[in-house]
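**Student:** Dropping in target.txt, which is compact mmCIF, all heavy atoms:
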```
# COMPACT_ATOMS: atom_id res chain seq x y z
N MET A 1 -18.22 23.68 7.08
CA MET A 1 -17.04 23.72 6.22
C MET A 1 -16.93 22.37 5.52
O MET A 1 -16.87 21.33 6.16
CB MET A 1 -15.81 23.98 7.08
CG MET A 1 -14.55 24.01 6.34
SD MET A 1 -13.27 24.41 7.55
CE MET A 1 -11.88 24.48 6.57
N THR A 2 -16.88 22.37 4.22
CA THR A 2 -16.76 21.13 3.47
C THR A 2 -15.35 21.01 2.91
O THR A 2 -14.72 22.00 2.56
CB THR A 2 -17.77 21.07 2.30
OG1 THR A 2 -17.53 22.18 1.45
CG2 THR A 2 -19.19 21.10 2.80
N ALA A 3 -14.89 19.77 2.84
CA ALA A 3 -13.55 19.51 2.33
C ALA A 3 -13.57 19.56 0.80
O ALA A 3 -14.54 19.19 0.16
CB ALA A 3 -13.06 18.16 2.80
N THR A 4 -12.48 20.03 0.25
CA THR A 4 -12.33 20.03 -1.20
C THR A 4 -12.07 18.59 -1.65
O THR A 4 -11.20 17.92 -1.08
CB THR A 4 -11.14 20.91 -1.61
OG1 THR A 4 -11.35 22.22 -1.11
CG2 THR A 4 -10.98 20.95 -3.12
N PRO A 5 -12.82 18.09 -2.62
CA PRO A 5 -12.60 16.71 -3.05
C PRO A 5 -11.22 16.51 -3.66
O PRO A 5 -10.71 17.39 -4.36
CB PRO A 5 -13.69 16.45 -4.09
CG PRO A 5 -14.33 17.76 -4.37
CD PRO A 5 -13.88 18.75 -3.34
N VAL A 6 -10.63 15.38 -3.36
CA VAL A 6 -9.32 15.04 -3.90
C VAL A 6 -9.52 14.39 -5.27
O VAL A 6 -10.40 13.55 -5.42
CB VAL A 6 -8.60 14.05 -2.95
CG1 VAL A 6 -7.27 13.62 -3.54
CG2 VAL A 6 -8.42 14.68 -1.58
N PRO A 7 -8.75 14.79 -6.25
CA PRO A 7 -8.91 14.17 -7.57
C PRO A 7 -8.66 12.67 -7.50
O PRO A 7 -7.80 12.20 -6.76
CB PRO A 7 -7.85 14.84 -8.43
CG PRO A 7 -7.24 15.91 -7.63
CD PRO A 7 -7.67 15.76 -6.21
N ARG A 8 -9.45 11.91 -8.25
CA ARG A 8 -9.30 10.46 -8.28
C ARG A 8 -8.12 10.08 -9.15
O ARG A 8 -7.78 10.79 -10.10
CB ARG A 8 -10.57 9.81 -8.82
CG ARG A 8 -11.74 9.99 -7.90
CD ARG A 8 -13.00 9.41 -8.49
NE ARG A 8 -12.89 7.99 -8.77
CZ ARG A 8 -13.38 7.03 -7.99
NH1 ARG A 8 -14.02 7.36 -6.89
NH2 ARG A 8 -13.25 5.77 -8.32
N ARG A 9 -7.53 8.95 -8.81
CA ARG A 9 -6.47 8.39 -9.64
C ARG A 9 -6.62 6.87 -9.65
O ARG A 9 -7.23 6.30 -8.78
CB ARG A 9 -5.09 8.78 -9.17
CG ARG A 9 -4.64 8.12 -7.88
CD ARG A 9 -3.17 8.48 -7.59
NE ARG A 9 -2.67 7.78 -6.43
CZ ARG A 9 -2.09 6.57 -6.46
NH1 ARG A 9 -1.93 5.94 -7.59
NH2 ARG A 9 -1.67 6.00 -5.35
N ARG A 10 -6.07 6.25 -10.65
CA ARG A 10 -6.15 4.80 -10.78
C ARG A 10 -4.94 4.17 -10.09
O ARG A 10 -3.82 4.65 -10.23
CB ARG A 10 -6.15 4.41 -12.26
CG ARG A 10 -6.37 2.94 -12.50
CD ARG A 10 -6.55 2.63 -13.96
NE ARG A 10 -7.63 3.36 -14.58
CZ ARG A 10 -8.92 2.97 -14.59
NH1 ARG A 10 -9.28 1.87 -13.99
NH2 ARG A 10 -9.83 3.70 -15.18
N LEU A 11 -5.19 3.07 -9.33
CA LEU A 11 -4.09 2.35 -8.70
C LEU A 11 -3.21 1.72 -9.77
O LEU A 11 -3.70 1.28 -10.80
CB LEU A 11 -4.62 1.22 -7.81
CG LEU A 11 -5.33 1.59 -6.52
CD1 LEU A 11 -5.80 0.32 -5.81
CD2 LEU A 11 -4.45 2.41 -5.62
N THR A 12 -1.93 1.67 -9.47
CA THR A 12 -1.03 0.94 -10.36
C THR A 12 -1.24 -0.55 -10.12
O THR A 12 -1.84 -0.96 -9.12
CB THR A 12 0.44 1.29 -10.09
OG1 THR A 12 0.78 0.80 -8.78
CG2 THR A 12 0.70 2.79 -10.19
N GLU A 13 -0.73 -1.35 -11.01
CA GLU A 13 -0.82 -2.82 -10.85
C GLU A 13 -0.15 -3.26 -9.54
O GLU A 13 -0.67 -4.10 -8.82
CB GLU A 13 -0.17 -3.50 -12.04
CG GLU A 13 -0.29 -4.99 -12.03
CD GLU A 13 -1.39 -5.50 -12.94
OE1 GLU A 13 -1.86 -4.75 -13.78
OE2 GLU A 13 -1.75 -6.67 -12.78
N LEU A 14 1.00 -2.67 -9.23
CA LEU A 14 1.71 -3.02 -7.99
C LEU A 14 0.91 -2.62 -6.76
O LEU A 14 0.86 -3.36 -5.77
CB LEU A 14 3.09 -2.38 -7.96
CG LEU A 14 4.11 -2.96 -8.94
CD1 LEU A 14 5.40 -2.15 -8.90
CD2 LEU A 14 4.39 -4.42 -8.64
N GLU A 15 0.30 -1.44 -6.78
CA GLU A 15 -0.53 -1.00 -5.66
C GLU A 15 -1.74 -1.91 -5.48
O GLU A 15 -2.09 -2.27 -4.35
CB GLU A 15 -1.00 0.44 -5.86
CG GLU A 15 0.10 1.47 -5.75
CD GLU A 15 -0.35 2.84 -6.20
OE1 GLU A 15 -1.21 2.96 -7.10
OE2 GLU A 15 0.17 3.82 -5.63
N HIS A 16 -2.34 -2.28 -6.59
CA HIS A 16 -3.50 -3.17 -6.53
C HIS A 16 -3.10 -4.52 -5.93
O HIS A 16 -3.80 -5.05 -5.06
CB HIS A 16 -4.09 -3.36 -7.93
CG HIS A 16 -5.31 -4.20 -7.94
ND1 HIS A 16 -5.27 -5.54 -8.16
CD2 HIS A 16 -6.61 -3.87 -7.75
CE1 HIS A 16 -6.50 -6.03 -8.09
NE2 HIS A 16 -7.33 -5.03 -7.85
N ASP A 17 -1.98 -5.06 -6.37
CA ASP A 17 -1.51 -6.33 -5.83
C ASP A 17 -1.21 -6.22 -4.34
O ASP A 17 -1.55 -7.12 -3.56
CB ASP A 17 -0.25 -6.81 -6.57
CG ASP A 17 -0.54 -7.31 -7.97
OD1 ASP A 17 -1.73 -7.55 -8.30
OD2 ASP A 17 0.43 -7.45 -8.74
N ALA A 18 -0.58 -5.12 -3.93
CA ALA A 18 -0.26 -4.92 -2.52
C ALA A 18 -1.54 -4.84 -1.69
O ALA A 18 -1.63 -5.44 -0.60
CB ALA A 18 0.57 -3.66 -2.33
N ALA A 19 -2.53 -4.12 -2.18
CA ALA A 19 -3.80 -4.00 -1.46
C ALA A 19 -4.50 -5.35 -1.39
O ALA A 19 -5.03 -5.74 -0.34
CB ALA A 19 -4.70 -2.96 -2.15
N TRP A 20 -4.51 -6.08 -2.49
CA TRP A 20 -5.15 -7.40 -2.55
C TRP A 20 -4.53 -8.34 -1.51
O TRP A 20 -5.22 -9.01 -0.75
CB TRP A 20 -5.00 -7.97 -3.95
CG TRP A 20 -5.63 -9.31 -4.10
CD1 TRP A 20 -5.04 -10.53 -3.90
CD2 TRP A 20 -6.99 -9.58 -4.46
NE1 TRP A 20 -5.93 -11.53 -4.12
CE2 TRP A 20 -7.14 -10.98 -4.47
CE3 TRP A 20 -8.06 -8.77 -4.78
CZ2 TRP A 20 -8.34 -11.58 -4.79
CZ3 TRP A 20 -9.26 -9.39 -5.10
CH2 TRP A 20 -9.40 -10.76 -5.09
N HIS A 21 -3.19 -8.37 -1.45
CA HIS A 21 -2.51 -9.25 -0.52
C HIS A 21 -2.72 -8.81 0.93
O HIS A 21 -2.82 -9.65 1.82
CB HIS A 21 -1.03 -9.35 -0.86
CG HIS A 21 -0.78 -10.12 -2.13
ND1 HIS A 21 -1.05 -11.46 -2.26
CD2 HIS A 21 -0.32 -9.71 -3.33
CE1 HIS A 21 -0.76 -11.85 -3.49
NE2 HIS A 21 -0.32 -10.80 -4.16
N ALA A 22 -2.81 -7.51 1.15
CA ALA A 22 -3.08 -7.02 2.50
C ALA A 22 -4.47 -7.47 2.96
O ALA A 22 -4.65 -7.90 4.10
CB ALA A 22 -2.97 -5.49 2.56
N ILE A 23 -5.43 -7.38 2.07
CA ILE A 23 -6.80 -7.81 2.41
C ILE A 23 -6.81 -9.31 2.65
O ILE A 23 -7.35 -9.80 3.64
CB ILE A 23 -7.78 -7.44 1.29
CG1 ILE A 23 -7.96 -5.92 1.25
CG2 ILE A 23 -9.13 -8.13 1.48
CD1 ILE A 23 -8.68 -5.42 0.00
N GLU A 24 -6.22 -10.05 1.73
CA GLU A 24 -6.21 -11.51 1.82
C GLU A 24 -5.53 -11.98 3.11
O GLU A 24 -6.01 -12.89 3.78
CB GLU A 24 -5.48 -12.07 0.61
CG GLU A 24 -5.61 -13.54 0.41
CD GLU A 24 -4.98 -13.96 -0.90
OE1 GLU A 24 -3.80 -13.60 -1.16
OE2 GLU A 24 -5.67 -14.63 -1.67
N GLY A 25 -4.44 -11.33 3.48
CA GLY A 25 -3.70 -11.73 4.68
C GLY A 25 -4.36 -11.31 5.97
O GLY A 25 -4.21 -11.97 7.00
N THR A 26 -5.09 -10.22 5.96
CA THR A 26 -5.67 -9.68 7.18
C THR A 26 -7.09 -10.17 7.43
O THR A 26 -7.47 -10.41 8.56
CB THR A 26 -5.68 -8.14 7.13
OG1 THR A 26 -4.37 -7.67 6.83
CG2 THR A 26 -6.09 -7.54 8.45
N ALA A 27 -7.87 -10.32 6.39
CA ALA A 27 -9.28 -10.67 6.55
C ALA A 27 -9.47 -12.01 7.23
O ALA A 27 -10.47 -12.21 7.92
CB ALA A 27 -9.99 -10.64 5.19
N GLY A 28 -8.54 -12.93 7.05
CA GLY A 28 -8.69 -14.25 7.63
C GLY A 28 -8.21 -14.36 9.07
O GLY A 28 -8.39 -15.39 9.70
N GLU A 29 -7.61 -13.31 9.60
CA GLU A 29 -7.11 -13.35 10.97
C GLU A 29 -8.25 -13.32 11.98
O GLU A 29 -9.26 -12.63 11.77
CB GLU A 29 -6.18 -12.16 11.24
CG GLU A 29 -4.88 -12.21 10.47
CD GLU A 29 -3.99 -11.01 10.74
OE1 GLU A 29 -4.36 -10.16 11.57
OE2 GLU A 29 -2.93 -10.92 10.11
N GLU A 30 -8.07 -14.05 13.05
CA GLU A 30 -9.08 -14.05 14.11
C GLU A 30 -9.22 -12.65 14.70
O GLU A 30 -8.23 -11.97 14.93
CB GLU A 30 -8.68 -15.04 15.20
CG GLU A 30 -9.74 -15.24 16.25
CD GLU A 30 -9.39 -16.33 17.24
OE1 GLU A 30 -8.73 -17.29 16.86
OE2 GLU A 30 -9.79 -16.19 18.40
N GLY A 31 -10.44 -12.22 14.90
CA GLY A 31 -10.70 -10.90 15.46
C GLY A 31 -10.57 -9.78 14.46
O GLY A 31 -10.65 -8.61 14.82
N SER A 32 -10.36 -10.12 13.19
CA SER A 32 -10.23 -9.09 12.16
C SER A 32 -11.55 -8.36 11.97
O SER A 32 -12.62 -8.94 12.01
CB SER A 32 -9.81 -9.74 10.85
OG SER A 32 -9.65 -8.79 9.85
N ASP A 33 -11.47 -7.07 11.79
CA ASP A 33 -12.66 -6.25 11.56
C ASP A 33 -12.36 -5.29 10.41
O ASP A 33 -11.23 -5.22 9.94
CB ASP A 33 -13.07 -5.50 12.83
CG ASP A 33 -11.97 -4.57 13.35
OD1 ASP A 33 -11.12 -4.12 12.56
OD2 ASP A 33 -11.98 -4.26 14.54
N PRO A 34 -13.36 -4.58 9.91
CA PRO A 34 -13.13 -3.68 8.78
C PRO A 34 -12.02 -2.66 9.01
O PRO A 34 -11.26 -2.35 8.10
CB PRO A 34 -14.48 -2.99 8.58
CG PRO A 34 -15.48 -3.97 9.11
CD PRO A 34 -14.78 -4.64 10.27
N ASP A 35 -11.90 -2.16 10.24
CA ASP A 35 -10.86 -1.18 10.54
C ASP A 35 -9.47 -1.79 10.38
O ASP A 35 -8.56 -1.17 9.82
CB ASP A 35 -11.05 -0.63 11.96
CG ASP A 35 -10.12 0.52 12.27
OD1 ASP A 35 -10.11 1.50 11.48
OD2 ASP A 35 -9.42 0.45 13.29
N THR A 36 -9.31 -3.02 10.85
CA THR A 36 -8.02 -3.71 10.72
C THR A 36 -7.67 -3.93 9.26
O THR A 36 -6.53 -3.69 8.84
CB THR A 36 -8.09 -5.08 11.45
OG1 THR A 36 -8.44 -4.86 12.81
CG2 THR A 36 -6.76 -5.81 11.38
N VAL A 37 -8.64 -4.36 8.48
CA VAL A 37 -8.41 -4.60 7.06
C VAL A 37 -8.08 -3.29 6.35
O VAL A 37 -7.12 -3.21 5.57
CB VAL A 37 -9.62 -5.29 6.41
CG1 VAL A 37 -9.43 -5.42 4.90
CG2 VAL A 37 -9.87 -6.66 7.04
N LEU A 38 -8.85 -2.24 6.62
CA LEU A 38 -8.59 -0.94 5.99
C LEU A 38 -7.20 -0.44 6.33
O LEU A 38 -6.46 0.02 5.45
CB LEU A 38 -9.64 0.09 6.43
CG LEU A 38 -9.39 1.52 5.94
CD1 LEU A 38 -9.36 1.59 4.42
CD2 LEU A 38 -10.45 2.45 6.50
N ASN A 39 -6.80 -0.52 7.58
CA ASN A 39 -5.48 -0.04 7.98
C ASN A 39 -4.37 -0.86 7.31
O ASN A 39 -3.33 -0.30 6.93
CB ASN A 39 -5.33 -0.03 9.49
CG ASN A 39 -6.06 1.13 10.10
OD1 ASN A 39 -6.05 2.23 9.57
ND2 ASN A 39 -6.71 0.91 11.23
N ALA A 40 -4.57 -2.16 7.14
CA ALA A 40 -3.58 -2.98 6.44
C ALA A 40 -3.43 -2.54 4.99
O ALA A 40 -2.33 -2.46 4.45
CB ALA A 40 -3.97 -4.45 6.52
N VAL A 41 -4.56 -2.24 4.35
CA VAL A 41 -4.51 -1.78 2.96
C VAL A 41 -3.83 -0.43 2.86
O VAL A 41 -2.97 -0.21 1.99
CB VAL A 41 -5.93 -1.71 2.36
CG1 VAL A 41 -5.92 -1.02 1.01
CG2 VAL A 41 -6.53 -3.10 2.24
N LEU A 42 -4.17 0.48 3.75
CA LEU A 42 -3.53 1.80 3.72
C LEU A 42 -2.02 1.68 3.92
O LEU A 42 -1.25 2.35 3.22
CB LEU A 42 -4.15 2.72 4.78
CG LEU A 42 -5.59 3.14 4.53
CD1 LEU A 42 -6.11 3.96 5.70
CD2 LEU A 42 -5.74 3.89 3.23
N ARG A 43 -1.60 0.82 4.85
CA ARG A 43 -0.15 0.61 5.05
C ARG A 43 0.49 0.05 3.79
O ARG A 43 1.58 0.47 3.40
CB ARG A 43 0.09 -0.35 6.23
CG ARG A 43 0.16 0.32 7.58
CD ARG A 43 0.71 -0.61 8.66
NE ARG A 43 0.00 -1.89 8.73
CZ ARG A 43 -1.14 -2.10 9.37
NH1 ARG A 43 -1.73 -1.11 10.00
NH2 ARG A 43 -1.71 -3.29 9.38
N ALA A 44 -0.18 -0.92 3.16
CA ALA A 44 0.37 -1.52 1.94
C ALA A 44 0.54 -0.49 0.83
O ALA A 44 1.43 -0.61 0.00
CB ALA A 44 -0.53 -2.67 1.48
N LEU A 45 -0.34 0.49 0.81
CA LEU A 45 -0.29 1.54 -0.22
C LEU A 45 0.52 2.76 0.22
O LEU A 45 0.60 3.75 -0.49
CB LEU A 45 -1.70 1.97 -0.61
CG LEU A 45 -2.55 0.87 -1.26
CD1 LEU A 45 -3.95 1.39 -1.51
CD2 LEU A 45 -1.92 0.36 -2.53
N ASN A 46 1.08 2.70 1.43
CA ASN A 46 1.87 3.80 1.99
C ASN A 46 1.04 5.08 2.07
O ASN A 46 1.48 6.16 1.67
CB ASN A 46 3.14 4.02 1.16
CG ASN A 46 4.18 4.79 1.93
OD1 ASN A 46 4.26 4.69 3.15
ND2 ASN A 46 4.99 5.56 1.23
N ILE A 47 -0.20 4.92 2.59
CA ILE A 47 -1.11 6.05 2.76
C ILE A 47 -1.39 6.20 4.25
O ILE A 47 -1.69 5.23 4.94
CB ILE A 47 -2.45 5.81 2.02
CG1 ILE A 47 -2.19 5.68 0.52
CG2 ILE A 47 -3.45 6.92 2.32
CD1 ILE A 47 -3.42 5.24 -0.27
N ASP A 48 -1.31 7.42 4.76
CA ASP A 48 -1.63 7.69 6.15
C ASP A 48 -3.11 8.02 6.28
O ASP A 48 -3.63 8.84 5.52
CB ASP A 48 -0.82 8.89 6.69
CG ASP A 48 0.66 8.58 6.76
OD1 ASP A 48 1.02 7.42 7.03
OD2 ASP A 48 1.45 9.51 6.55
N PRO A 49 -3.78 7.39 7.26
CA PRO A 49 -5.19 7.74 7.49
C PRO A 49 -5.27 9.15 8.09
O PRO A 49 -4.27 9.67 8.59
CB PRO A 49 -5.67 6.69 8.48
CG PRO A 49 -4.44 6.21 9.17
CD PRO A 49 -3.32 6.37 8.19
N PRO A 50 -6.45 9.77 8.06
CA PRO A 50 -6.58 11.09 8.67
C PRO A 50 -6.34 11.02 10.17
O PRO A 50 -6.55 9.97 10.78
CB PRO A 50 -8.02 11.51 8.36
CG PRO A 50 -8.73 10.27 7.98
CD PRO A 50 -7.71 9.29 7.52
N ALA A 51 -5.87 12.11 10.70
CA ALA A 51 -5.56 12.16 12.14
C ALA A 51 -6.81 12.09 12.98
O ALA A 51 -7.86 12.46 12.63
CB ALA A 51 -4.80 13.45 12.45
```
How would this structure read if it were set down as C-alpha cells?
**Tutor:**
Amino acid sequence: MTATPVPRRRLTELEHDAAWHAIEGTAGEEGSDPDTVLNAVLRALNIDPPA
C-alpha cells in the first residue's frame, strides 16, 4: 500500500524564520542529533510528526 503524495507548498517568510531559528537554537545544543533538530523544526512550524 503506497501513500498518496501530499501536494507541495512554499513556506511563508514567518515559517521559514521560525524553522531557521529552531535549527540554529537546537543544532548547537550538546547531544543534539538530527531527530532533535527535526522535532524542533516541526514544533516551530506547528506540524505533528507521524504517529
**Student:** Please provide as a list in words all residues within 5 Å of region 34-45 of chain A, with the sequence filter that same-chain residues fewer than 2 positions apart are discarded (counting all heavy atoms).
**Tutor:**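 Everything that qualifies: Leu11, Glu15, His16, Ala18, Ala19, Ala22, Ile23, Thr26, Ala27, Glu29, Gly31, Ser32, Ile47 and Pro49 of chain A.
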**Student:** What is the atom C of Asp17 (chain A) to OD1 of Asp33 (chain A) distance in Å?
**Tutor:**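 For atom C of Asp17 (chain A) relative to OD1 of Asp33 (chain A), the distance reads 19.7 Å.
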**Student:** Can you measure CA of Glu24 (chain A) to CA of Thr12 (chain A) for me? One decimal in Å is fine.
**Tutor:**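 That distance, rounded to one decimal, is 18.2 Å.
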**Student:** Rounded to one decimal place, report the CA of Met1 (chain A)-CA of Asp48 (chain A) distance in Å.
**Tutor:**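 CA of Met1 (chain A) sits 22.2 Å away from CA of Asp48 (chain A).
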**Student:** Quick check for you: according to DSSP on this backbone, which residues of chain A are classed as helix (DSSP H, G or I)? Reply as a ChimeraX atom specification.
**Tutor:** /A:13-27,34-44
**Student:** Quick test: take region 39-51 of chain A, keep all heavy atoms, and write it as a PDB file, in the first residue's frame.
**Tutor:**
```pdb
ATOM      1  N   ASN A  39      12.508  17.567  15.143  1.00  0.00           N
ATOM      2  CA  ASN A  39      11.354  17.781  16.018  1.00  0.00           C
ATOM      3  C   ASN A  39      11.221  19.248  16.419  1.00  0.00           C
ATOM      4  O   ASN A  39      10.102  19.763  16.521  1.00  0.00           O
ATOM      5  CB  ASN A  39      11.420  16.869  17.239  1.00  0.00           C
ATOM      6  CG  ASN A  39      11.036  15.457  16.887  1.00  0.00           C
ATOM      7  OD1 ASN A  39      10.126  15.225  16.103  1.00  0.00           O
ATOM      8  ND2 ASN A  39      11.741  14.493  17.446  1.00  0.00           N
ATOM      9  N   ALA A  40      12.331  19.940  16.626  1.00  0.00           N
ATOM     10  CA  ALA A  40      12.273  21.370  16.939  1.00  0.00           C
ATOM     11  C   ALA A  40      11.687  22.157  15.774  1.00  0.00           C
ATOM     12  O   ALA A  40      10.880  23.065  15.962  1.00  0.00           O
ATOM     13  CB  ALA A  40      13.667  21.881  17.291  1.00  0.00           C
ATOM     14  N   VAL A  41      12.090  21.805  14.560  1.00  0.00           N
ATOM     15  CA  VAL A  41      11.558  22.486  13.376  1.00  0.00           C
ATOM     16  C   VAL A  41      10.071  22.201  13.220  1.00  0.00           C
ATOM     17  O   VAL A  41       9.273  23.117  12.968  1.00  0.00           O
ATOM     18  CB  VAL A  41      12.323  22.064  12.107  1.00  0.00           C
ATOM     19  CG1 VAL A  41      11.637  22.576  10.854  1.00  0.00           C
ATOM     20  CG2 VAL A  41      13.761  22.554  12.164  1.00  0.00           C
ATOM     21  N   LEU A  42       9.678  20.956  13.381  1.00  0.00           N
ATOM     22  CA  LEU A  42       8.251  20.623  13.262  1.00  0.00           C
ATOM     23  C   LEU A  42       7.424  21.382  14.293  1.00  0.00           C
ATOM     24  O   LEU A  42       6.350  21.902  13.973  1.00  0.00           O
ATOM     25  CB  LEU A  42       8.043  19.112  13.397  1.00  0.00           C
ATOM     26  CG  LEU A  42       8.592  18.264  12.251  1.00  0.00           C
ATOM     27  CD1 LEU A  42       8.407  16.783  12.562  1.00  0.00           C
ATOM     28  CD2 LEU A  42       7.960  18.625  10.933  1.00  0.00           C
ATOM     29  N   ARG A  43       7.927  21.465  15.531  1.00  0.00           N
ATOM     30  CA  ARG A  43       7.209  22.236  16.565  1.00  0.00           C
ATOM     31  C   ARG A  43       7.109  23.698  16.166  1.00  0.00           C
ATOM     32  O   ARG A  43       6.059  24.319  16.340  1.00  0.00           O
ATOM     33  CB  ARG A  43       7.930  22.108  17.921  1.00  0.00           C
ATOM     34  CG  ARG A  43       7.517  20.914  18.747  1.00  0.00           C
ATOM     35  CD  ARG A  43       8.001  21.011  20.184  1.00  0.00           C
ATOM     36  NE  ARG A  43       9.442  21.255  20.287  1.00  0.00           N
ATOM     37  CZ  ARG A  43      10.390  20.326  20.205  1.00  0.00           C
ATOM     38  NH1 ARG A  43      10.059  19.076  20.002  1.00  0.00           N
ATOM     39  NH2 ARG A  43      11.662  20.648  20.307  1.00  0.00           N
ATOM     40  N   ALA A  44       8.203  24.263  15.654  1.00  0.00           N
ATOM     41  CA  ALA A  44       8.192  25.668  15.251  1.00  0.00           C
ATOM     42  C   ALA A  44       7.177  25.935  14.152  1.00  0.00           C
ATOM     43  O   ALA A  44       6.618  27.020  14.064  1.00  0.00           O
ATOM     44  CB  ALA A  44       9.595  26.086  14.795  1.00  0.00           C
ATOM     45  N   LEU A  45       6.955  24.951  13.305  1.00  0.00           N
ATOM     46  CA  LEU A  45       6.004  25.089  12.197  1.00  0.00           C
ATOM     47  C   LEU A  45       4.602  24.592  12.560  1.00  0.00           C
ATOM     48  O   LEU A  45       3.706  24.576  11.724  1.00  0.00           O
ATOM     49  CB  LEU A  45       6.514  24.346  10.962  1.00  0.00           C
ATOM     50  CG  LEU A  45       7.823  24.883  10.385  1.00  0.00           C
ATOM     51  CD1 LEU A  45       8.274  24.008   9.230  1.00  0.00           C
ATOM     52  CD2 LEU A  45       7.688  26.317   9.955  1.00  0.00           C
ATOM     53  N   ASN A  46       4.433  24.151  13.804  1.00  0.00           N
ATOM     54  CA  ASN A  46       3.149  23.634  14.282  1.00  0.00           C
ATOM     55  C   ASN A  46       2.687  22.445  13.437  1.00  0.00           C
ATOM     56  O   ASN A  46       1.533  22.375  13.006  1.00  0.00           O
ATOM     57  CB  ASN A  46       2.098  24.745  14.299  1.00  0.00           C
ATOM     58  CG  ASN A  46       0.931  24.405  15.189  1.00  0.00           C
ATOM     59  OD1 ASN A  46       1.096  23.707  16.192  1.00  0.00           O
ATOM     60  ND2 ASN A  46      -0.237  24.889  14.852  1.00  0.00           N
ATOM     61  N   ILE A  47       3.643  21.516  13.196  1.00  0.00           N
ATOM     62  CA  ILE A  47       3.354  20.312  12.420  1.00  0.00           C
ATOM     63  C   ILE A  47       3.574  19.110  13.338  1.00  0.00           C
ATOM     64  O   ILE A  47       4.585  19.019  14.028  1.00  0.00           O
ATOM     65  CB  ILE A  47       4.295  20.191  11.197  1.00  0.00           C
ATOM     66  CG1 ILE A  47       4.076  21.373  10.256  1.00  0.00           C
ATOM     67  CG2 ILE A  47       4.094  18.859  10.475  1.00  0.00           C
ATOM     68  CD1 ILE A  47       5.088  21.450   9.123  1.00  0.00           C
ATOM     69  N   ASP A  48       2.632  18.183  13.339  1.00  0.00           N
ATOM     70  CA  ASP A  48       2.771  16.957  14.117  1.00  0.00           C
ATOM     71  C   ASP A  48       3.455  15.896  13.269  1.00  0.00           C
ATOM     72  O   ASP A  48       3.063  15.669  12.121  1.00  0.00           O
ATOM     73  CB  ASP A  48       1.398  16.419  14.560  1.00  0.00           C
ATOM     74  CG  ASP A  48       0.716  17.341  15.547  1.00  0.00           C
ATOM     75  OD1 ASP A  48       1.427  17.974  16.355  1.00  0.00           O
ATOM     76  OD2 ASP A  48      -0.518  17.414  15.512  1.00  0.00           O
ATOM     77  N   PRO A  49       4.472  15.223  13.853  1.00  0.00           N
ATOM     78  CA  PRO A  49       5.097  14.118  13.117  1.00  0.00           C
ATOM     79  C   PRO A  49       4.124  12.939  13.032  1.00  0.00           C
ATOM     80  O   PRO A  49       3.150  12.882  13.792  1.00  0.00           O
ATOM     81  CB  PRO A  49       6.321  13.777  13.956  1.00  0.00           C
ATOM     82  CG  PRO A  49       6.000  14.255  15.329  1.00  0.00           C
ATOM     83  CD  PRO A  49       5.064  15.412  15.167  1.00  0.00           C
ATOM     84  N   PRO A  50       4.384  11.986  12.136  1.00  0.00           N
ATOM     85  CA  PRO A  50       3.503  10.821  12.064  1.00  0.00           C
ATOM     86  C   PRO A  50       3.567  10.014  13.361  1.00  0.00           C
ATOM     87  O   PRO A  50       4.577  10.059  14.066  1.00  0.00           O
ATOM     88  CB  PRO A  50       4.050  10.016  10.882  1.00  0.00           C
ATOM     89  CG  PRO A  50       5.404  10.530  10.634  1.00  0.00           C
ATOM     90  CD  PRO A  50       5.478  11.909  11.194  1.00  0.00           C
ATOM     91  N   ALA A  51       2.492   9.348  13.645  1.00  0.00           N
ATOM     92  CA  ALA A  51       2.412   8.558  14.882  1.00  0.00           C
ATOM     93  C   ALA A  51       3.334   7.366  14.840  1.00  0.00           C
ATOM     94  O   ALA A  51       3.671   6.826  13.855  1.00  0.00           O
ATOM     95  CB  ALA A  51       0.974   8.084  15.090  1.00  0.00           C
TER      96      ALA A  51
END
```
